[in-house]
$ cat run01.cif   # mmCIF, C-alpha atoms and all ligand atoms
data_data
loop_
_atom_site.group_PDB
_atom_site.id
_atom_site.type_symbol
_atom_site.label_atom_id
_atom_site.label_comp_id
_atom_site.auth_asym_id
_atom_site.auth_seq_id
_atom_site.Cartn_x
_atom_site.Cartn_y
_atom_site.Cartn_z
ATOM 1 C CA MET A 1 -6.138 -3.568 15.853
ATOM 2 C CA ASN A 2 -3.731 -5.214 13.369
ATOM 3 C CA LEU A 3 -4.745 -4.693 9.741
ATOM 4 C CA ILE A 4 -3.599 -5.474 6.205
ATOM 5 C CA LEU A 5 -4.752 -3.568 3.109
ATOM 6 C CA LEU A 6 -4.552 -5.595 -0.091
ATOM 7 C CA GLY A 7 -5.354 -4.690 -3.670
ATOM 8 C CA PRO A 8 -3.777 -3.794 -7.002
ATOM 9 C CA PRO A 9 -1.820 -0.552 -7.458
ATOM 10 C CA GLY A 10 -4.302 2.289 -7.961
ATOM 11 C CA ALA A 11 -7.162 0.629 -6.037
ATOM 12 C CA GLY A 12 -7.130 3.469 -3.495
ATOM 13 C CA LYS A 13 -5.248 1.743 -0.673
ATOM 14 C CA GLY A 14 -3.265 4.881 0.193
ATOM 15 C CA THR A 15 -6.384 7.065 0.418
ATOM 16 C CA GLN A 16 -8.250 4.573 2.614
ATOM 17 C CA ALA A 17 -5.112 4.001 4.674
ATOM 18 C CA SER A 18 -4.925 7.712 5.600
ATOM 19 C CA LYS A 19 -8.549 7.684 6.732
ATOM 20 C CA ILE A 20 -8.226 4.415 8.686
ATOM 21 C CA VAL A 21 -5.091 5.428 10.599
ATOM 22 C CA GLU A 22 -6.647 8.760 11.497
ATOM 23 C CA LYS A 23 -9.849 7.193 12.813
ATOM 24 C CA TYR A 24 -8.279 4.270 14.668
ATOM 25 C CA ASN A 25 -5.083 6.050 15.685
ATOM 26 C CA ILE A 26 -2.670 3.357 14.522
ATOM 27 C CA PRO A 27 0.544 3.769 12.485
ATOM 28 C CA HIS A 28 0.429 3.473 8.687
ATOM 29 C CA ILE A 29 3.194 1.168 7.487
ATOM 30 C CA SER A 30 3.740 1.354 3.732
ATOM 31 C CA THR A 31 6.768 -0.549 2.454
ATOM 32 C CA GLY A 32 6.572 1.530 -0.771
ATOM 33 C CA ASP A 33 6.846 4.738 1.300
ATOM 34 C CA ILE A 34 9.815 3.310 3.233
ATOM 35 C CA PHE A 35 11.577 2.521 -0.061
ATOM 36 C CA ARG A 36 10.777 5.947 -1.572
ATOM 37 C CA LYS A 37 12.164 7.669 1.547
ATOM 38 C CA ASN A 38 15.354 5.608 1.254
ATOM 39 C CA ILE A 39 15.632 6.480 -2.449
ATOM 40 C CA SER A 40 15.309 10.206 -1.744
ATOM 41 C CA GLU A 41 17.936 9.923 1.016
ATOM 42 C CA GLY A 42 20.268 7.972 -1.318
ATOM 43 C CA THR A 43 20.743 5.030 1.099
ATOM 44 C CA ARG A 44 22.086 1.606 0.052
ATOM 45 C CA LEU A 45 18.612 0.110 0.592
ATOM 46 C CA GLY A 46 17.116 2.858 -1.597
ATOM 47 C CA LYS A 47 19.588 2.184 -4.433
ATOM 48 C CA LYS A 48 18.854 -1.548 -4.330
ATOM 49 C CA ALA A 49 15.047 -1.083 -4.197
ATOM 50 C CA LYS A 50 15.073 1.479 -7.035
ATOM 51 C CA GLU A 51 16.433 -1.093 -9.506
ATOM 52 C CA TYR A 52 13.202 -3.080 -9.091
ATOM 53 C CA MET A 53 10.721 -0.252 -8.483
ATOM 54 C CA ASP A 54 11.585 1.613 -11.688
ATOM 55 C CA LYS A 55 10.636 -1.497 -13.679
ATOM 56 C CA GLY A 56 7.471 -2.146 -11.678
ATOM 57 C CA GLU A 57 8.958 -5.382 -10.313
ATOM 58 C CA LEU A 58 8.782 -6.507 -6.706
ATOM 59 C CA VAL A 59 11.748 -5.898 -4.434
ATOM 60 C CA PRO A 60 13.140 -9.322 -3.307
ATOM 61 C CA ASP A 61 11.257 -10.923 -0.406
ATOM 62 C CA SER A 62 14.256 -11.145 1.935
ATOM 63 C CA LEU A 63 14.836 -7.375 1.756
ATOM 64 C CA VAL A 64 11.154 -6.465 2.183
ATOM 65 C CA ILE A 65 10.569 -8.900 5.044
ATOM 66 C CA GLU A 66 13.536 -7.442 6.917
ATOM 67 C CA ILE A 67 12.424 -3.812 6.618
ATOM 68 C CA ALA A 68 8.776 -4.620 7.416
ATOM 69 C CA THR A 69 9.522 -6.721 10.498
ATOM 70 C CA ASP A 70 12.074 -4.140 11.728
ATOM 71 C CA ARG A 71 9.356 -1.515 11.459
ATOM 72 C CA LEU A 72 6.907 -3.787 13.326
ATOM 73 C CA LEU A 73 9.340 -3.953 16.236
ATOM 74 C CA GLU A 74 8.933 -0.218 16.869
ATOM 75 C CA LYS A 75 7.008 0.722 19.970
ATOM 76 C CA ASP A 76 4.196 2.605 18.207
ATOM 77 C CA THR A 77 2.909 -0.687 16.722
ATOM 78 C CA GLU A 78 2.014 -2.090 20.169
ATOM 79 C CA LYS A 79 -1.551 -0.793 19.998
ATOM 80 C CA GLY A 80 -1.987 -1.903 16.396
ATOM 81 C CA PHE A 81 -0.885 -1.112 12.851
ATOM 82 C CA LEU A 82 -2.058 -0.880 9.269
ATOM 83 C CA LEU A 83 0.111 -2.627 6.682
ATOM 84 C CA ASP A 84 -0.282 -1.098 3.204
ATOM 85 C CA GLY A 85 1.552 -2.825 0.330
ATOM 86 C CA PHE A 86 2.939 -5.595 2.544
ATOM 87 C CA PRO A 87 2.724 -8.569 2.278
ATOM 88 C CA ARG A 88 2.737 -8.834 -1.518
ATOM 89 C CA THR A 89 3.748 -12.485 -1.927
ATOM 90 C CA VAL A 90 2.758 -15.698 -0.146
ATOM 91 C CA GLU A 91 6.338 -15.970 1.125
ATOM 92 C CA GLN A 92 6.037 -12.513 2.730
ATOM 93 C CA ALA A 93 2.680 -13.479 4.292
ATOM 94 C CA VAL A 94 4.114 -16.676 5.752
ATOM 95 C CA ALA A 95 7.084 -14.747 7.183
ATOM 96 C CA LEU A 96 4.743 -12.108 8.618
ATOM 97 C CA ASP A 97 2.573 -14.758 10.298
ATOM 98 C CA ALA A 98 5.628 -16.419 11.834
ATOM 99 C CA PHE A 99 6.916 -13.052 13.072
ATOM 100 C CA LEU A 100 3.554 -12.107 14.597
ATOM 101 C CA ARG A 101 3.126 -15.510 16.254
ATOM 102 C CA GLU A 102 6.581 -15.177 17.779
ATOM 103 C CA HIS A 103 5.464 -11.847 19.269
ATOM 104 C CA GLY A 104 2.074 -13.109 20.483
ATOM 105 C CA LYS A 105 0.143 -11.177 17.842
ATOM 106 C CA ALA A 106 -2.136 -11.891 14.871
ATOM 107 C CA ILE A 107 -3.823 -10.053 12.006
ATOM 108 C CA ASP A 108 -7.402 -9.061 12.901
ATOM 109 C CA HIS A 109 -8.673 -8.068 9.446
ATOM 110 C CA VAL A 110 -7.453 -8.167 5.850
ATOM 111 C CA LEU A 111 -9.204 -5.608 3.612
ATOM 112 C CA ASP A 112 -8.996 -6.420 -0.090
ATOM 113 C CA ILE A 113 -9.925 -3.526 -2.387
ATOM 114 C CA ASP A 114 -10.410 -4.340 -6.066
ATOM 115 C CA VAL A 115 -10.918 -2.181 -9.166
ATOM 116 C CA ASP A 116 -10.925 -3.228 -12.849
ATOM 117 C CA LYS A 117 -7.781 -2.902 -14.925
ATOM 118 C CA ASP A 118 -8.779 0.003 -17.240
ATOM 119 C CA GLU A 119 -9.799 2.116 -14.281
ATOM 120 C CA LEU A 120 -6.527 1.299 -12.470
ATOM 121 C CA ILE A 121 -4.488 2.453 -15.470
ATOM 122 C CA THR A 122 -6.459 5.732 -15.736
ATOM 123 C CA ARG A 123 -6.065 6.382 -12.012
ATOM 124 C CA LEU A 124 -2.342 5.644 -11.881
ATOM 125 C CA ILE A 125 -1.291 7.552 -14.987
ATOM 126 C CA GLY A 126 -3.200 10.645 -13.831
ATOM 127 C CA ARG A 127 -2.027 10.427 -10.224
ATOM 128 C CA ARG A 128 0.037 13.296 -8.833
ATOM 129 C CA VAL A 129 1.600 13.317 -5.375
ATOM 130 C CA CYS A 130 2.687 16.285 -3.274
ATOM 131 C CA SER A 131 6.472 16.128 -2.952
ATOM 132 C CA SER A 132 6.189 17.778 0.431
ATOM 133 C CA CYS A 133 3.251 16.227 2.374
ATOM 134 C CA GLY A 134 2.414 13.161 0.234
ATOM 135 C CA LYS A 135 -1.240 14.128 -0.421
ATOM 136 C CA THR A 136 -2.481 12.586 -3.677
ATOM 137 C CA TYR A 137 -4.450 14.173 -6.530
ATOM 138 C CA HIS A 138 -5.618 13.164 -9.990
ATOM 139 C CA VAL A 139 -5.236 15.417 -13.018
ATOM 140 C CA THR A 140 -8.909 15.091 -13.980
ATOM 141 C CA ASN A 141 -10.777 13.236 -11.185
ATOM 142 C CA MET A 142 -9.337 15.192 -8.255
ATOM 143 C CA PRO A 143 -7.338 18.168 -9.546
ATOM 144 C CA PRO A 144 -5.685 20.647 -7.161
ATOM 145 C CA LYS A 145 -7.057 24.221 -7.033
ATOM 146 C CA VAL A 146 -3.865 25.541 -8.641
ATOM 147 C CA GLU A 147 -2.265 23.310 -11.282
ATOM 148 C CA GLY A 148 0.880 21.591 -10.018
ATOM 149 C CA GLU A 149 0.476 22.870 -6.454
ATOM 150 C CA CYS A 150 -0.763 21.068 -3.306
ATOM 151 C CA ASP A 151 -3.951 22.588 -1.827
ATOM 152 C CA ALA A 152 -2.845 21.672 1.701
ATOM 153 C CA CYS A 153 0.777 22.854 1.812
ATOM 154 C CA GLN A 154 1.516 24.478 -1.597
ATOM 155 C CA GLY A 155 4.200 21.819 -2.195
ATOM 156 C CA GLU A 156 5.069 20.853 -5.773
ATOM 157 C CA LEU A 157 2.980 18.016 -7.260
ATOM 158 C CA MET A 158 5.007 15.260 -8.920
ATOM 159 C CA GLN A 159 4.291 12.104 -10.866
ATOM 160 C CA ARG A 160 5.719 8.984 -9.208
ATOM 161 C CA ALA A 161 8.570 7.494 -11.268
ATOM 162 C CA ASP A 162 6.628 4.214 -11.524
ATOM 163 C CA ASP A 163 3.298 5.801 -12.568
ATOM 164 C CA THR A 164 4.192 5.848 -16.273
ATOM 165 C CA LYS A 165 2.174 3.772 -18.780
ATOM 166 C CA GLY A 166 4.693 0.933 -19.368
ATOM 167 C CA THR A 167 5.508 0.530 -15.694
ATOM 168 C CA VAL A 168 1.877 0.708 -14.590
ATOM 169 C CA GLU A 169 0.882 -2.177 -16.869
ATOM 170 C CA ASN A 170 3.751 -4.266 -15.545
ATOM 171 C CA ARG A 171 2.831 -3.467 -11.924
ATOM 172 C CA ILE A 172 -0.727 -4.692 -12.542
ATOM 173 C CA GLU A 173 0.600 -7.874 -14.177
ATOM 174 C CA VAL A 174 3.004 -8.420 -11.287
ATOM 175 C CA TYR A 175 0.064 -7.950 -8.900
ATOM 176 C CA ASN A 176 -2.035 -10.560 -10.736
ATOM 177 C CA ARG A 177 0.825 -13.039 -10.845
ATOM 178 C CA GLN A 178 2.496 -12.613 -7.468
ATOM 179 C CA THR A 179 0.063 -10.905 -5.090
ATOM 180 C CA LYS A 180 -3.357 -12.270 -6.097
ATOM 181 C CA PRO A 181 -2.523 -15.749 -4.715
ATOM 182 C CA LEU A 182 -2.540 -14.041 -1.309
ATOM 183 C CA LEU A 183 -6.318 -13.674 -1.570
ATOM 184 C CA ASP A 184 -6.642 -17.475 -1.424
ATOM 185 C CA TYR A 185 -4.188 -17.597 1.444
ATOM 186 C CA TYR A 186 -6.280 -15.188 3.543
ATOM 187 C CA ASP A 187 -9.601 -16.663 2.306
ATOM 188 C CA LYS A 188 -8.487 -19.944 3.889
ATOM 189 C CA LEU A 189 -7.689 -18.152 7.157
ATOM 190 C CA GLY A 190 -11.161 -16.589 6.969
ATOM 191 C CA ASN A 191 -10.351 -13.038 8.015
ATOM 192 C CA ILE A 192 -10.541 -11.236 4.667
ATOM 193 C CA ALA A 193 -13.217 -8.826 3.388
ATOM 194 C CA HIS A 194 -13.503 -8.225 -0.374
ATOM 195 C CA LEU A 195 -14.437 -4.632 -1.212
ATOM 196 C CA ASP A 196 -15.289 -2.791 -4.429
ATOM 197 C CA GLY A 197 -12.877 0.127 -4.883
ATOM 198 C CA ALA A 198 -15.062 1.758 -7.553
ATOM 199 C CA ILE A 199 -17.939 2.762 -5.263
ATOM 200 C CA GLY A 200 -16.521 6.120 -4.179
ATOM 201 C CA LEU A 201 -14.070 6.766 -1.388
ATOM 202 C CA GLU A 202 -16.538 7.840 1.320
ATOM 203 C CA THR A 203 -18.891 4.884 0.696
ATOM 204 C CA LEU A 204 -15.929 2.537 0.726
ATOM 205 C CA PHE A 205 -14.653 4.031 3.971
ATOM 206 C CA ALA A 206 -18.111 3.614 5.547
ATOM 207 C CA GLN A 207 -18.037 -0.093 4.606
ATOM 208 C CA ILE A 208 -14.594 -0.425 6.170
ATOM 209 C CA VAL A 209 -15.797 1.201 9.408
ATOM 210 C CA ASP A 210 -18.723 -1.268 9.439
ATOM 211 C CA ILE A 211 -16.234 -4.134 9.308
ATOM 212 C CA LEU A 212 -13.761 -2.733 11.836
ATOM 213 C CA GLY A 213 -16.329 -1.285 14.242
ATOM 214 C CA GLU A 214 -16.759 2.313 15.436
HETATM 215 P P1 LIG A 301 3.633 0.909 -3.544
HETATM 216 O O1 LIG A 301 3.938 2.279 -3.061
HETATM 217 O O2 LIG A 301 3.029 0.041 -2.461
HETATM 218 O O3 LIG A 301 2.833 0.898 -4.816
HETATM 219 O O4 LIG A 301 5.037 0.226 -3.901
HETATM 220 C C1 LIG A 301 5.866 0.750 -4.915
HETATM 221 C C2 LIG A 301 6.916 -0.287 -5.309
HETATM 222 O O5 LIG A 301 7.717 -0.620 -4.162
HETATM 223 C C3 LIG A 301 6.358 -1.625 -5.782
HETATM 224 O O6 LIG A 301 6.013 -1.597 -7.159
HETATM 225 C C4 LIG A 301 7.558 -2.548 -5.506
HETATM 226 O O7 LIG A 301 8.575 -2.364 -6.466
HETATM 227 C C5 LIG A 301 8.087 -2.003 -4.185
HETATM 228 N N1 LIG A 301 7.429 -2.660 -3.031
HETATM 229 C C6 LIG A 301 6.654 -2.064 -2.078
HETATM 230 N N2 LIG A 301 6.211 -2.971 -1.195
HETATM 231 C C7 LIG A 301 6.700 -4.172 -1.603
HETATM 232 C C8 LIG A 301 6.562 -5.500 -1.131
HETATM 233 N N3 LIG A 301 5.821 -5.799 -0.046
HETATM 234 N N4 LIG A 301 7.219 -6.484 -1.793
HETATM 235 C C9 LIG A 301 7.975 -6.222 -2.870
HETATM 236 N N5 LIG A 301 8.118 -4.986 -3.386
HETATM 237 C C10 LIG A 301 7.498 -3.968 -2.770
#
$ encode --input "run01.cif" --output "structure tokens"
Amino acid sequence: MNLILLGPPGAGKGTQASKIVEKYNIPHISTGDIFRKNISEGTRLGKKAKEYMDKGELVPDSLVIEIATDRLLEKDTEKGFLLDGFPRTVEQAVALDAFLREHGKAIDHVLDIDVDKDELITRLIGRRVCSSCGKTYHVTNMPPKVEGECDACQGELMQRADDTKGTVENRIEVYNRQTKPLLDYYDKLGNIAHLDGAIGLETLFAQIVDILGE
């Protein structure tokens, strides 16, 4: 099963992604995670991506398309994959389609999760991420048992460098300007489901399972 998760930053894509990949046993491919890993390892790719990420801007298409398609060539994607945060522009979607066609594949479902802007800002500014296992929390909506410490692995909870107020607002604007046109693109292809990200994570996951099948 080949899937794409779409939606603004803070819509809950990461949370749903973890549940989907566990249930359907497919790899979770997040271009944001690939960039953050490269930043923490100090690679050339990481340094380049950081210039854009810190401002809440998109990393240039050519760079993103290359890392995403390289990842899609790995063997574990043969039985399916979940793309989270890619594509984010029509140009990336067109490149992805061409790549998949060349490899005899196609996207089965696009899941679009939407949440209103004020709620996105609240969610992103309060988001904390475990620096060790990546589990996410929220300072008020989903606090850890011990402040600053991951319930699962006791790792230190951090705020993402791009989860600050100024950057968050720009990321939402960038989403509206550059990524929203993708909804039309997939609407025309007819394989997109529009979902309300404010209904609670278990209800939302149940709707996703209804779409994808047991
Ligand atoms: P995310 O973790 O998906 O919120 O991504 C964090 C940041 O990584 C974004 O704000 C962009 O700067 C960059 N990024 C991740 N995926 C893409 C993409 N498909 N195209 C361009 N930039 C991306």
$ resolve_selection --input "run01.cif" --expression "the PyMOL selection byres (((chain A and resi 72-85) around 7) and not hetatm)" --output "ChimeraX atom specification"
/A:1-6,13,26-32,68-71,86-88
$ resolve_selection --input "run01.cif" --expression "the PyMOL selection byres (((not hetatm)) within 9 of (chain A and resi 301))" --output "JSON, numbers by chain"
{"A": [8, 9, 10, 13, 14, 30, 31, 32, 33, 34, 35, 36, 49, 50, 51, 52, 53, 54, 55, 56, 57, 58, 59, 60, 61, 63, 64, 65, 68, 84, 85, 86, 87, 88, 89, 92, 162, 167, 168, 171, 174, 175]}
$ resolve_selection --input "run01.cif" --expression "the PyMOL selection byres (((chain A and resi 19) around 12) and not hetatm)" --output "list in words"
Gly12, Lys13, Gly14, Thr15, Gln16, Ala17, Ser18, Ile20, Val21, Glu22, Lys23, Tyr24, Asn25, Ile26, Pro27, His28, Leu82, Leu201, Glu202, Leu204, Phe205, Ala206, Ile208 and Val209 of chain A
$ closest_residue --input "run01.cif" --among "A:Val94, A:Arg177, A:Ile113, A:Glu41" --to "Ile192 of chain A" --atoms "only C-alpha atoms"
A:Ile113
$ atom_distance --input "run01.cif" --atom1 "atom CA of Glu156 of chain A" --atom2 "atom CA of Thr43 of chain A"
23.3 Å
$ closest_residue --input "run01.cif" --among "A:Val129, A:Asp114, A:Ile39, A:Val90" --to "Pro181 of chain A" --atoms "all atoms listed in the file"
A:Val90
$ residues_around --input "run01.cif" --residues "Asp97 of chain A" --least-positions-apart "4" --cutoff "8 Å" --atoms "all atoms listed in the file" --output "list of chain:residue names"
A:Ala93, A:Arg101, A:Ala106
$ atom_distance --input "run01.cif" --atom1 "atom CA of Glu66 of chain A" --atom2 "atom CA of Lys37 of chain A"
16.1 Å
$ atom_distance --input "run01.cif" --atom1 "atom CA of Ala198 of chain A" --atom2 "atom CA of Asp112 of chain A"
12.6 Å
